[in-house]
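Shown next, in structure tokens, is the structure this report addresses.
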Amino acid sequence: VIGYTTISFARAPLWIANDLRLYEKNGVDAEVVFLRGGTVGTQALIGGTVGFIASSGSAAVEAILSGADLVILAGYSNLLDQMLVTKKEIKTPAQLKGGKIALNSLSGGSILAVKIILSALGLDPDKDASYLALGDPASRFSALKSGIVDATVLTTPFNSIAKRAGYNVFDDMPALKNIDYPSDSLISTREFIRKDPVVTERVIKSISEAIQFYKKNKAQSLAILAKYLRGLSSEDLEEAYPRYFYGFREKPYPSVKGVQTVLRWSKHPKAKDADPARFIERKFVESLDKPIAK
């Protein structure tokens, strides 16, 4: 079972691999399921309910610091792809002080990403805002439109929809241009990959093949995404395609720099002295060019 923790365009490789039966082609009987939020996903991994999750690597880093037997196996995008969207009357960061921000969940990658964004805007993320867990992008945007919250974070193309509707999107922030962030990672447990290294290799191979398909077959890829991202127009999907064309990496090595970003922001007492290399395992991505194991 492979879980994903947010409904986002960034989950394209997982969905494409599922719909094209790439897992099956590579010898894996896979079921792809939705799990809300990185914390729920890591709990499912630890409990053995799922074998892998596609999620932000930040939740995994925090869990590993607390002693969980998790590991980041691949990082197919290291973009900080969430963008701050505020209600129409909030036009500057200072106006957001004391405001409420809607998130997917109150832990893991969702809240860490917004704290990085707020800090880049000159705000204190721990003092200048409060947070509400309201689930998927559609629910968060509805809360913004109804005035329940003052802001939320959205990924492409949801941020573009909000901008066209007159909401303010902070999408041009120089401080975030070159940040390395493990936003889209494949995570498992070390126990699982010890027991099933062949399955692990084949799942990563399937996702890598899905990325290659995405980059070579735009129309078919967008048709698959339309099934999972219901309610988005063909224009919305077209607009998002190039961002992830350049963001998805065909060789999805897990990023040491991305882990370092999370450790710098973590308040866990062990984060300061942690070796970022111990949170990742590169050998499965390194084996992508080799024939798949029998």
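By order in the structure tokens, chains are A, B, ...; within a chain, residues start at 1; ligands start at 1, following the order shown.
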
With only C-alpha atoms counted and 10 Å as the cut-off, give the residues of stretch 32-105 of chain A in contact with stretch 5-13 of chain A, each with its shortest interatomic distance in Å and the pair that gives it, as a tab-separated table.
```
residue	atom	partner	partner_atom	distance
A:Val33	CA	A:Thr5	CA	8.8
A:Phe34	CA	A:Thr5	CA	6.0
A:Leu35	CA	A:Thr5	CA	4.8
A:Arg36	CA	A:Thr5	CA	5.0
A:Gly37	CA	A:Thr5	CA	4.7
A:Gly38	CA	A:Thr5	CA	5.7
A:Thr39	CA	A:Thr5	CA	8.7
A:Val40	CA	A:Thr5	CA	7.9
A:Gly41	CA	A:Thr5	CA	6.3
A:Thr42	CA	A:Thr5	CA	9.5
A:Ile53	CA	A:Thr5	CA	7.4
A:Ala54	CA	A:Thr5	CA	6.6
A:Ser55	CA	A:Thr5	CA	5.6
A:Ser56	CA	A:Thr5	CA	8.4
A:Tyr76	CA	A:Pro13	CA	8.7
A:Ser77	CA	A:Ala10	CA	8.0
A:Leu79	CA	A:Ala10	CA	9.8
A:Asp81	CA	A:Ala10	CA	8.5
A:Asn104	CA	A:Thr6	CA	7.7
A:Ser105	CA	A:Thr6	CA	9.9
```

- Message: List the spatial neighbours of A:Pro137 as a PyMOL selection string - criterion: any atom at most 9 Å away, only C-alpha atoms, same-chain residues fewer than 2 positions off excluded.
- Response: chain A and resi 6-8+103-104+134-135+139-142+152-155+158

- Message: Considering only strand (DSSP E) as DSSP defines it on the backbone, what residues of stretch 16-82 of chain A qualify? List them as a PyMOL selection string.
- Response: chain A and resi 32-34+52-55+70-77

For the selection you just gave me, I'd like the residues written to a file as a PDB file, in the first residue's frame, keeping N, CA, C and O atoms.
```
ATOM      1  N   VAL A  32      -2.907   2.453  -4.095  1.00  0.00           N
ATOM      2  CA  VAL A  32      -2.578   3.841  -3.776  1.00  0.00           C
ATOM      3  C   VAL A  32      -3.756   4.459  -3.032  1.00  0.00           C
ATOM      4  O   VAL A  32      -4.887   4.449  -3.527  1.00  0.00           O
ATOM      5  N   VAL A  33      -3.492   4.988  -1.825  1.00  0.00           N
ATOM      6  CA  VAL A  33      -4.576   5.486  -0.973  1.00  0.00           C
ATOM      7  C   VAL A  33      -4.247   6.872  -0.443  1.00  0.00           C
ATOM      8  O   VAL A  33      -3.075   7.243  -0.308  1.00  0.00           O
ATOM      9  N   PHE A  34      -5.289   7.650  -0.128  1.00  0.00           N
ATOM     10  CA  PHE A  34      -5.114   8.983   0.436  1.00  0.00           C
ATOM     11  C   PHE A  34      -5.113   8.921   1.956  1.00  0.00           C
ATOM     12  O   PHE A  34      -5.975   8.293   2.580  1.00  0.00           O
ATOM     13  N   PHE A  52       4.731   2.508   2.042  1.00  0.00           N
ATOM     14  CA  PHE A  52       5.374   3.762   1.630  1.00  0.00           C
ATOM     15  C   PHE A  52       4.371   4.898   1.761  1.00  0.00           C
ATOM     16  O   PHE A  52       3.161   4.679   1.674  1.00  0.00           O
ATOM     17  N   ILE A  53       4.892   6.108   1.913  1.00  0.00           N
ATOM     18  CA  ILE A  53       4.049   7.293   1.744  1.00  0.00           C
ATOM     19  C   ILE A  53       4.782   8.294   0.849  1.00  0.00           C
ATOM     20  O   ILE A  53       6.012   8.395   0.877  1.00  0.00           O
ATOM     21  N   ALA A  54       4.001   9.010   0.049  1.00  0.00           N
ATOM     22  CA  ALA A  54       4.506  10.159  -0.697  1.00  0.00           C
ATOM     23  C   ALA A  54       4.064  11.382   0.080  1.00  0.00           C
ATOM     24  O   ALA A  54       2.868  11.638   0.212  1.00  0.00           O
ATOM     25  N   SER A  55       5.022  12.112   0.608  1.00  0.00           N
ATOM     26  CA  SER A  55       4.709  13.198   1.530  1.00  0.00           C
ATOM     27  C   SER A  55       5.896  14.142   1.607  1.00  0.00           C
ATOM     28  O   SER A  55       6.957  13.871   1.041  1.00  0.00           O
ATOM     29  N   LEU A  70      12.073   5.405  10.384  1.00  0.00           N
ATOM     30  CA  LEU A  70      11.708   5.827   9.032  1.00  0.00           C
ATOM     31  C   LEU A  70      12.947   6.221   8.242  1.00  0.00           C
ATOM     32  O   LEU A  70      14.008   6.484   8.805  1.00  0.00           O
ATOM     33  N   VAL A  71      12.773   6.315   6.917  1.00  0.00           N
ATOM     34  CA  VAL A  71      13.868   6.735   6.060  1.00  0.00           C
ATOM     35  C   VAL A  71      13.289   7.347   4.783  1.00  0.00           C
ATOM     36  O   VAL A  71      12.266   6.896   4.275  1.00  0.00           O
ATOM     37  N   ILE A  72      13.941   8.408   4.292  1.00  0.00           N
ATOM     38  CA  ILE A  72      13.546   9.039   3.036  1.00  0.00           C
ATOM     39  C   ILE A  72      14.300   8.364   1.906  1.00  0.00           C
ATOM     40  O   ILE A  72      15.531   8.363   1.872  1.00  0.00           O
ATOM     41  N   LEU A  73      13.557   7.770   0.974  1.00  0.00           N
ATOM     42  CA  LEU A  73      14.150   6.968  -0.092  1.00  0.00           C
ATOM     43  C   LEU A  73      14.339   7.744  -1.388  1.00  0.00           C
ATOM     44  O   LEU A  73      15.226   7.423  -2.182  1.00  0.00           O
ATOM     45  N   ALA A  74      13.481   8.706  -1.637  1.00  0.00           N
ATOM     46  CA  ALA A  74      13.550   9.461  -2.889  1.00  0.00           C
ATOM     47  C   ALA A  74      12.985  10.850  -2.664  1.00  0.00           C
ATOM     48  O   ALA A  74      12.156  11.062  -1.774  1.00  0.00           O
ATOM     49  N   GLY A  75      13.451  11.786  -3.471  1.00  0.00           N
ATOM     50  CA  GLY A  75      12.920  13.142  -3.433  1.00  0.00           C
ATOM     51  C   GLY A  75      12.675  13.598  -4.854  1.00  0.00           C
ATOM     52  O   GLY A  75      13.593  14.036  -5.536  1.00  0.00           O
ATOM     53  N   TYR A  76      11.450  13.416  -5.331  1.00  0.00           N
ATOM     54  CA  TYR A  76      11.234  13.692  -6.754  1.00  0.00           C
ATOM     55  C   TYR A  76      10.915  15.148  -7.030  1.00  0.00           C
ATOM     56  O   TYR A  76      10.834  15.557  -8.181  1.00  0.00           O
ATOM     57  N   SER A  77      10.780  15.970  -5.985  1.00  0.00           N
ATOM     58  CA  SER A  77      10.726  17.425  -6.160  1.00  0.00           C
ATOM     59  C   SER A  77      11.202  18.079  -4.877  1.00  0.00           C
ATOM     60  O   SER A  77      10.758  17.713  -3.795  1.00  0.00           O
TER      61      SER A  77
END
```

Sorted per-residue table, stretch 73-166 of chain A near stretch 224-239 of chain A, closest atoms and distance, 12 Å, only C-alpha atoms, as a tab-separated table:
```
residue	atom	partner	partner_atom	distance
A:Asp136	CA	A:Leu229	CA	10.9
A:Pro137	CA	A:Leu229	CA	10.3
A:Ala138	CA	A:Gly231	CA	9.3
A:Thr155	CA	A:Asp236	CA	11.7
A:Thr156	CA	A:Glu239	CA	8.1
A:Pro157	CA	A:Asp236	CA	5.7
A:Phe158	CA	A:Asp236	CA	8.0
A:Asn159	CA	A:Asp236	CA	10.0
A:Ser160	CA	A:Asp236	CA	7.7
A:Ile161	CA	A:Asp236	CA	7.4
A:Ala162	CA	A:Asp236	CA	11.1
A:Lys163	CA	A:Asp236	CA	11.9
A:Arg164	CA	A:Asp236	CA	10.9
```

- Could you find all residues in stretch 43-103 of chain A that DSSP calls alpha helix (DSSP H) from the backbone, and write them as a list in words? Gln43, Ala44, Leu45, Ile46, Gly47, Gly57, Ser58, Ala59, Ala60, Val61, Glu62, Ala63, Ile64 and Leu65 of chain A

- Which residues come within 12 Å of A:Lys91, counting only C-alpha atoms, excluding same-chain residues fewer than 4 positions away, as a PyMOL selection string? chain A and resi 84-87+95-97+150-151+166-170

- Distance criterion (only C-alpha atoms): nearest to A:Asp69 out of A:Gly27, A:Gly247, A:Gly47, A:Gly57: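 Checking each candidate against A:Asp69, we get A:Gly47 as the closest.
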